[in-house]
Amino acid sequence: DIDTAALVSLGENKVDDTTLDLGASYVTVKQRGIDAFAAGDYTTAFLLLDGLRNEAKQNKDSVDPVISSPALAALQDYESLIYRNNALILKQQQQNPDLPVHNIAVAAPLNFDAGVGIAYGVAQAQDVFVNQQGLNLLVTIANDSNNEEQARAIAADLANDEDMLAVVGHYTSPNSCAALNQYNPAGLPLVAPTSTTVNLPDRAECGGNTNQVFFRTVSTTRVEAETLVNYLIDDLAIAQPNVAVFYNYNELFSRNIAQQFKQVVKAFGGKETSYDLSDPDFKANRL
């Protein structure tokens with residue numbers, strides 16, 4: 001079993017296996033803020049993390065790169081921003097127990113730049129909601145490290161949280177598929193900003209056609225395949241193109257986009273030959 005304690009956090013710990021890299025002075029302040037958060041001292045946590053960002057804003061335009069570089073890194077640290085806003089909300093809730101609070105999570109491979117981008121987008125949105133619109137939106141950070149078993153494990157943790165309203169993630173279609181097996185039975189919505197596989201929630205390995213919790217904000221592989229074929233026909237002026245497709249059958253996204261591309265090519269009167277790179281009998285020198 002995967003221990004998710006260090007992979008899921010509202011602010012009580014630094015999430016493991018991430019690409020975050022801050023200057024020493026910012027790391028120290030951030031850790032003090034996290035320690036205060038873990039102790040339930042949300043006022044101190046907020047003051048420390050808010051002070052960290054304010055100092056970084058003052059230093060980011062310095063002509064000295066020794067000062068400006070770590071400051072810019074600190075401002076790009078989604079973790080500090082989310083924890084800062086979480087601490088503010090929980091501080092206010094301590095003062096007013098009836099304060100309405102809304103809980104969501106962002107789950108992504110935080111050891112990948114694309115996953116960091118998803119998390120930072122959520123951090124920016126939360127910052128707008130909390131500080132401009134007055135919505136008390138708590139965000140839990142979860143790192144699936146682009147690993148299906150890890151995605152399934154953290155999804156189980158999030159699905160068991162009765163206060164959780166929705167999850168934004170998981171970057172790749174296979175990880176979203178693995179997580180849906182946990183979210184669907186719990187009725188926890190998954191908002192997918194990057195998973196493009198067609199009919200993803202209806203697939204048996206993703207929970208089957210009873211899946212009612214999957215919401216996509218990005219185009220599907222069908223649209224991607226049509227764009228590629230349109231480029232061949234319209235931009236390159238290749239009528240009825242004859243193309244070779246190399247894909248990996250064992251990878252859900254690769255298999256799906258290859259299938260969609262094949263269908264679209266045939267619909268335009270073209271020809272397609274597929275080569276499965278996962279086939280042990282595949283030999284490139286025989287082509």
# chains A, B, ... in the order shown; residues from 1 in each chain; ligands from 1
>>> residues_around(residues="Phe215 of chain A", least_positions_apart="6", cutoff="7 Å", atoms="only C-alpha atoms", output="list of chain:residue names")
A:Leu190, A:Val191, A:Ala192
>>> write_last_selection(atoms="all heavy atoms", output="PDB file, in the first residue's frame")
ATOM      1  N   LEU A 190     -14.686  15.062 -10.650  1.00  0.00           N
ATOM      2  CA  LEU A 190     -13.327  15.296 -11.117  1.00  0.00           C
ATOM      3  C   LEU A 190     -13.399  16.242 -12.303  1.00  0.00           C
ATOM      4  O   LEU A 190     -14.024  15.942 -13.324  1.00  0.00           O
ATOM      5  CB  LEU A 190     -12.664  13.986 -11.539  1.00  0.00           C
ATOM      6  CG  LEU A 190     -11.300  14.131 -12.239  1.00  0.00           C
ATOM      7  CD1 LEU A 190     -10.280  14.746 -11.280  1.00  0.00           C
ATOM      8  CD2 LEU A 190     -10.807  12.790 -12.759  1.00  0.00           C
ATOM      9  N   VAL A 191     -12.741  17.400 -12.188  1.00  0.00           N
ATOM     10  CA  VAL A 191     -12.661  18.366 -13.274  1.00  0.00           C
ATOM     11  C   VAL A 191     -11.297  18.191 -13.927  1.00  0.00           C
ATOM     12  O   VAL A 191     -10.268  18.471 -13.311  1.00  0.00           O
ATOM     13  CB  VAL A 191     -12.832  19.808 -12.758  1.00  0.00           C
ATOM     14  CG1 VAL A 191     -12.743  20.792 -13.907  1.00  0.00           C
ATOM     15  CG2 VAL A 191     -14.151  19.953 -12.015  1.00  0.00           C
ATOM     16  N   ALA A 192     -11.288  17.700 -15.166  1.00  0.00           N
ATOM     17  CA  ALA A 192     -10.040  17.334 -15.833  1.00  0.00           C
ATOM     18  C   ALA A 192      -9.631  18.414 -16.835  1.00  0.00           C
ATOM     19  O   ALA A 192     -10.301  18.594 -17.846  1.00  0.00           O
ATOM     20  CB  ALA A 192     -10.200  15.997 -16.544  1.00  0.00           C
TER      21      ALA A 192
END
>>> residues_around(residues="Ser254 of chain A", least_positions_apart="4", cutoff="12 Å", atoms="only C-alpha atoms", output="MDAnalysis selection string")
chainID A and resid 172:174 195:198 221 225 245:250 258:261 274:278
>>> residues_around(residues="segment 130-132 of chain A", least_positions_apart="5", cutoff="9 Å", atoms="only C-alpha atoms", output="MDAnalysis selection string")
chainID A and resid 85 88:89 125 137:138
>>> select_by_dssp(residues="segment 47-264 of chain A", states="helix (DSSP H, G or I)", output="ChimeraX atom specification")
/A:47-59,65-75,78-95,113-131,148-159,173-186,200-202,204-206,221-235,252-264
>>> residues_around(residues="segment 29-44 of chain A", least_positions_apart="5", cutoff="6 Å", atoms="only C-alpha atoms", output="ChimeraX atom specification")
/A:12-13,49,87,91
>>> residues_around(residues="Gly169 of chain A", least_positions_apart="6", cutoff="6 Å", atoms="only C-alpha atoms", output="number ranges by chain")
A: 106-108, 192
>>> write_last_selection(atoms="all heavy atoms", output="PDB file, in the first residue's frame")
ATOM      1  N   VAL A 106      -6.498  19.914  -5.635  1.00  0.00           N
ATOM      2  CA  VAL A 106      -5.823  19.829  -6.920  1.00  0.00           C
ATOM      3  C   VAL A 106      -4.886  18.629  -6.841  1.00  0.00           C
ATOM      4  O   VAL A 106      -4.059  18.530  -5.930  1.00  0.00           O
ATOM      5  CB  VAL A 106      -5.050  21.123  -7.273  1.00  0.00           C
ATOM      6  CG1 VAL A 106      -4.074  21.523  -6.173  1.00  0.00           C
ATOM      7  CG2 VAL A 106      -4.340  20.965  -8.614  1.00  0.00           C
ATOM      8  N   ALA A 107      -5.066  17.698  -7.769  1.00  0.00           N
ATOM      9  CA  ALA A 107      -4.254  16.477  -7.806  1.00  0.00           C
ATOM     10  C   ALA A 107      -3.525  16.439  -9.139  1.00  0.00           C
ATOM     11  O   ALA A 107      -4.155  16.462 -10.199  1.00  0.00           O
ATOM     12  CB  ALA A 107      -5.137  15.247  -7.646  1.00  0.00           C
ATOM     13  N   ALA A 108      -2.201  16.385  -9.092  1.00  0.00           N
ATOM     14  CA  ALA A 108      -1.412  16.454 -10.317  1.00  0.00           C
ATOM     15  C   ALA A 108      -0.024  15.873 -10.055  1.00  0.00           C
ATOM     16  O   ALA A 108       0.384  15.704  -8.904  1.00  0.00           O
ATOM     17  CB  ALA A 108      -1.302  17.899 -10.789  1.00  0.00           C
ATOM     18  N   ALA A 192     -11.288  17.700 -15.166  1.00  0.00           N
ATOM     19  CA  ALA A 192     -10.040  17.334 -15.833  1.00  0.00           C
ATOM     20  C   ALA A 192      -9.631  18.414 -16.835  1.00  0.00           C
ATOM     21  O   ALA A 192     -10.301  18.594 -17.846  1.00  0.00           O
ATOM     22  CB  ALA A 192     -10.200  15.997 -16.544  1.00  0.00           C
TER      23      ALA A 192
END
>>> closest_residue(among="A:Gly23, A:Gly51, A:Pro109, A:Gly134", to="Ser68 of chain A", atoms="only C-alpha atoms")
A:Gly23
>>> closest_residue(among="A:Val8, A:Leu165, A:Ala142, A:Ala73", to="Leu52 of chain A", atoms="only C-alpha atoms")
A:Ala73
>>> residues_around(residues="Gln240 of chain A", least_positions_apart="4", cutoff="8 Å", atoms="only C-alpha atoms", output="short mmCIF file (atom, residue, chain, number, x, y, z; two decimals) with all heavy atoms, in the first residue's frame")
data_model
loop_
_atom_site.label_atom_id
_atom_site.label_comp_id
_atom_site.auth_asym_id
_atom_site.auth_seq_id
_atom_site.Cartn_x
_atom_site.Cartn_y
_atom_site.Cartn_z
N ILE A 233 -4.38 17.91 -45.04
CA ILE A 233 -5.19 18.13 -46.24
C ILE A 233 -5.22 19.60 -46.65
O ILE A 233 -5.02 19.94 -47.82
CB ILE A 233 -6.62 17.61 -46.02
CG1 ILE A 233 -6.59 16.09 -45.85
CG2 ILE A 233 -7.54 17.99 -47.18
CD1 ILE A 233 -7.91 15.49 -45.45
N VAL A 265 -8.69 9.79 -40.75
CA VAL A 265 -7.99 9.64 -42.02
C VAL A 265 -8.86 8.88 -43.02
O VAL A 265 -8.99 9.26 -44.19
CB VAL A 265 -6.64 8.92 -41.81
CG1 VAL A 265 -6.06 8.47 -43.16
CG2 VAL A 265 -5.65 9.85 -41.13
N PHE A 268 -11.68 10.79 -44.61
CA PHE A 268 -11.27 11.71 -45.67
C PHE A 268 -10.71 10.96 -46.89
O PHE A 268 -10.13 11.58 -47.78
CB PHE A 268 -10.23 12.69 -45.15
CG PHE A 268 -10.81 13.84 -44.37
CD1 PHE A 268 -11.01 13.74 -43.00
CD2 PHE A 268 -11.16 15.02 -45.01
CE1 PHE A 268 -11.56 14.80 -42.28
CE2 PHE A 268 -11.69 16.08 -44.30
CZ PHE A 268 -11.91 15.97 -42.94
N GLY A 269 -10.88 9.65 -46.90
CA GLY A 269 -10.43 8.87 -48.05
C GLY A 269 -8.96 8.55 -48.05
O GLY A 269 -8.41 8.12 -49.08
N GLY A 270 -8.28 8.76 -46.94
CA GLY A 270 -6.86 8.47 -46.87
C GLY A 270 -6.59 7.05 -46.41
O GLY A 270 -7.51 6.26 -46.17
N LYS A 271 -5.31 6.73 -46.29
CA LYS A 271 -4.89 5.41 -45.84
C LYS A 271 -3.97 5.56 -44.62
O LYS A 271 -3.24 6.54 -44.51
CB LYS A 271 -4.15 4.67 -46.95
CG LYS A 271 -5.02 4.37 -48.17
CD LYS A 271 -4.24 3.62 -49.22
CE LYS A 271 -5.10 3.32 -50.44
NZ LYS A 271 -4.34 2.59 -51.49
#
>>> residues_around(residues="Glu55 of chain A", least_positions_apart="5", cutoff="10 Å", atoms="only C-alpha atoms", output="PDB file with N, CA and C atoms, in the first residue's frame")
ATOM      1  N   TYR A  26      13.875  31.914   1.932  1.00  0.00           N
ATOM      2  CA  TYR A  26      12.452  31.676   1.731  1.00  0.00           C
ATOM      3  C   TYR A  26      12.058  30.282   2.226  1.00  0.00           C
ATOM      4  N   LEU A  49       3.650  33.217   5.897  1.00  0.00           N
ATOM      5  CA  LEU A  49       3.538  32.949   4.461  1.00  0.00           C
ATOM      6  C   LEU A  49       3.163  34.208   3.681  1.00  0.00           C
ATOM      7  N   ASP A  50       2.363  35.055   4.297  1.00  0.00           N
ATOM      8  CA  ASP A  50       2.037  36.328   3.663  1.00  0.00           C
ATOM      9  C   ASP A  50       3.273  37.223   3.607  1.00  0.00           C
ATOM     10  N   LYS A  60      11.676  41.076  -6.311  1.00  0.00           N
ATOM     11  CA  LYS A  60      11.668  40.442  -7.633  1.00  0.00           C
ATOM     12  C   LYS A  60      12.273  41.322  -8.728  1.00  0.00           C
ATOM     13  N   ALA A  71      13.492  35.398  -5.359  1.00  0.00           N
ATOM     14  CA  ALA A  71      12.217  36.089  -5.145  1.00  0.00           C
ATOM     15  C   ALA A  71      11.195  35.666  -6.190  1.00  0.00           C
ATOM     16  N   ALA A  74       9.987  32.226  -5.415  1.00  0.00           N
ATOM     17  CA  ALA A  74       9.040  32.233  -4.300  1.00  0.00           C
ATOM     18  C   ALA A  74       7.651  32.645  -4.766  1.00  0.00           C
ATOM     19  N   LEU A  75       7.580  33.588  -5.700  1.00  0.00           N
ATOM     20  CA  LEU A  75       6.279  34.035  -6.203  1.00  0.00           C
ATOM     21  C   LEU A  75       5.628  32.985  -7.104  1.00  0.00           C
TER      22      LEU A  75
END
>>> atom_distance(atom1="atom CA of Thr194 of chain A", atom2="atom CA of Arg216 of chain A")
7.9 Å
>>> select_by_dssp(residues="segment 97-229 of chain A", states="strand (DSSP E)", output="PyMOL selection string")
chain A and resi 102-108+137-143+164-169+190-192+214-216
>>> atom_distance(atom1="atom CA of Tyr120 of chain A", atom2="atom CA of Pro97 of chain A")
29.0 Å
>>> atom_distance(atom1="atom CA of Pro189 of chain A", atom2="atom CA of His170 of chain A")
12.2 Å
>>> closest_residue(among="A:Thr18, A:Asn256, A:Asp163, A:Thr28", to="Ala114 of chain A", atoms="only C-alpha atoms")
A:Thr18
